[in-house]
Amino acid sequence: MLRISLVFGSIAGLIVIAVLILGIVFPNTLNHFNTEWFGYLVMIVALSLIFVGVKRYRDNELGGVIRFLPALGLGLGIAVVAGVIYVAMWEVYLASTGYQFMSHYVDGMIAAKKAHGLSGPGLDAFVAQMNQMKADYDNPLYRLPMTFVEIFPVGLIIAIISAAVLRNPRVLPARA
C-alpha cells in the first residue's frame, strides 16, 4: 500500500507542478495556464491517479474487493504524497527564481486593480493587504502549509469519491 501511495502520489504531484511551472515560465504564450480554474482542472486530472491507484490495489492485492476505509486511507496516502511532492517542487522552483514569485504576483494584482480604476484610499487599503500577504508568504511556516492546502482538498474529495465507488466490486471489476 505504501509503494502504491508513493508511486501514484509522486506522479500526480509532478504532473501538477510541471504544468503549473510551464504556465509561470511561459505566461504570454500559455495564457489559459494562469487561470485558477485551469490549475484546479490539472489537479483533478492528475489526482485522478488516486482512483487508478486504489483500483489497482483492490484488483491486484485484494482480489477485487476493498472496503471503504482502506480505500479511503490509500487515497489519502496518495493525496498526501502528491501534496508533499507539490510543496517540495514549488519550494525548489521558488528557490531557483530567488523567491520572486510573490513580488511579481502582488505587483500584477496591484496593476490590475489600478487598470480597473481603483484609486485613493481603496487602492491604499488593497496595496496594504497585498503587502501583508507578501510578508506572510515570505515565512516558510505560512507558505508551506498554504501550498499544501492548495492541492490536498482536491485529493481528499477524489479519495472519498474513489473509496465510495471502488468499494463495490462490480464497478470496473478486475479482468481475469
# chains A, B, ... in the order shown; residues from 1 in each chain; ligands from 1
>>> select_by_dssp(residues="segment 46-119 of chain A", states="alpha helix (DSSP H)", output="mmCIF file with C-alpha atoms, in the first residue's frame")
data_model
loop_
_atom_site.group_PDB
_atom_site.id
_atom_site.type_symbol
_atom_site.label_atom_id
_atom_site.label_comp_id
_atom_site.auth_asym_id
_atom_site.auth_seq_id
_atom_site.Cartn_x
_atom_site.Cartn_y
_atom_site.Cartn_z
ATOM 1 C CA ALA A 46 -3.530 14.437 -12.048
ATOM 2 C CA LEU A 47 -5.205 13.374 -8.810
ATOM 3 C CA LEU A 49 -4.443 8.747 -10.214
ATOM 4 C CA ILE A 50 -5.946 8.231 -6.747
ATOM 5 C CA PHE A 51 -8.770 6.309 -8.403
ATOM 6 C CA VAL A 52 -6.292 4.355 -10.538
ATOM 7 C CA GLY A 53 -4.089 3.547 -7.540
ATOM 8 C CA VAL A 54 -6.976 2.378 -5.355
ATOM 9 C CA LYS A 55 -8.378 0.270 -8.189
ATOM 10 C CA ARG A 56 -5.004 -1.283 -8.870
ATOM 11 C CA TYR A 57 -4.537 -2.126 -5.185
ATOM 12 C CA ARG A 58 -8.071 -3.526 -4.982
ATOM 13 C CA ASP A 59 -7.648 -5.687 -8.066
ATOM 14 C CA ASN A 60 -4.022 -6.839 -7.739
ATOM 15 C CA GLU A 61 -3.534 -7.115 -3.987
ATOM 16 C CA PHE A 68 -14.380 1.932 2.165
ATOM 17 C CA LEU A 69 -11.915 2.830 4.951
ATOM 18 C CA PRO A 70 -8.879 1.032 3.481
ATOM 19 C CA ALA A 71 -9.682 2.544 0.081
ATOM 20 C CA LEU A 72 -10.012 5.979 1.655
ATOM 21 C CA GLY A 73 -6.750 5.504 3.546
ATOM 22 C CA LEU A 74 -4.906 4.604 0.370
ATOM 23 C CA GLY A 75 -6.490 7.513 -1.485
ATOM 24 C CA LEU A 76 -5.485 9.913 1.283
ATOM 25 C CA GLY A 77 -1.977 8.467 1.239
ATOM 26 C CA ILE A 78 -1.701 9.182 -2.474
ATOM 27 C CA ALA A 79 -3.098 12.698 -1.924
ATOM 28 C CA VAL A 80 -0.611 13.403 0.882
ATOM 29 C CA VAL A 81 2.342 12.213 -1.212
ATOM 30 C CA ALA A 82 1.116 14.321 -4.149
ATOM 31 C CA GLY A 83 0.794 17.312 -1.821
ATOM 32 C CA VAL A 84 4.274 16.851 -0.354
ATOM 33 C CA ILE A 85 5.798 16.493 -3.843
ATOM 34 C CA TYR A 86 3.881 19.591 -4.952
ATOM 35 C CA VAL A 87 5.146 21.601 -1.965
ATOM 36 C CA ALA A 88 8.724 20.361 -2.346
ATOM 37 C CA MET A 89 8.875 21.106 -6.058
ATOM 38 C CA TRP A 90 7.253 24.514 -5.530
ATOM 39 C CA GLU A 91 9.933 25.328 -2.953
ATOM 40 C CA VAL A 92 12.639 24.241 -5.407
ATOM 41 C CA TYR A 93 11.081 26.488 -8.039
ATOM 42 C CA LEU A 94 10.861 29.420 -5.622
ATOM 43 C CA ALA A 95 14.485 28.985 -4.543
ATOM 44 C CA SER A 96 15.690 28.744 -8.137
ATOM 45 C CA PHE A 101 7.040 34.817 -7.400
ATOM 46 C CA MET A 102 5.020 36.632 -4.748
ATOM 47 C CA SER A 103 6.545 40.015 -5.594
ATOM 48 C CA HIS A 104 5.559 39.568 -9.240
ATOM 49 C CA TYR A 105 2.128 38.266 -8.237
ATOM 50 C CA VAL A 106 1.458 41.226 -5.916
ATOM 51 C CA ASP A 107 2.704 43.725 -8.500
ATOM 52 C CA GLY A 108 0.374 42.174 -11.089
ATOM 53 C CA MET A 109 -2.617 42.271 -8.732
ATOM 54 C CA ILE A 110 -1.993 45.932 -7.890
ATOM 55 C CA ALA A 111 -1.571 46.823 -11.578
ATOM 56 C CA ALA A 112 -4.842 45.034 -12.387
ATOM 57 C CA LYS A 113 -6.713 46.985 -9.692
ATOM 58 C CA LYS A 114 -5.252 50.252 -10.983
ATOM 59 C CA ALA A 115 -6.261 49.315 -14.540
#
>>> atom_distance(atom1="atom CA of Met1 of chain A", atom2="atom CA of Ala159 of chain A")
14.4 Å
>>> closest_residue(among="A:Gly13, A:Gly98, A:Gly120, A:Gly23", to="Phe152 of chain A", atoms="only C-alpha atoms")
A:Gly13
>>> atom_distance(atom1="atom CA of Leu144 of chain A", atom2="atom CA of Leu41 of chain A")
21.7 Å
>>> closest_residue(among="A:Ile11, A:Leu62, A:Met130, A:Leu118", to="Ser48 of chain A", atoms="only C-alpha atoms")
A:Ile11
>>> closest_residue(among="A:Ile24, A:Gly39, A:Leu166, A:Gly9", to="Ile66 of chain A", atoms="only C-alpha atoms")
A:Leu166
>>> atom_distance(atom1="atom CA of Val16 of chain A", atom2="atom CA of Val154 of chain A")
11.9 Å
>>> closest_residue(among="A:Tyr99, A:Ser119, A:Ala163, A:Leu20", to="Arg143 of chain A", atoms="only C-alpha atoms")
A:Tyr99
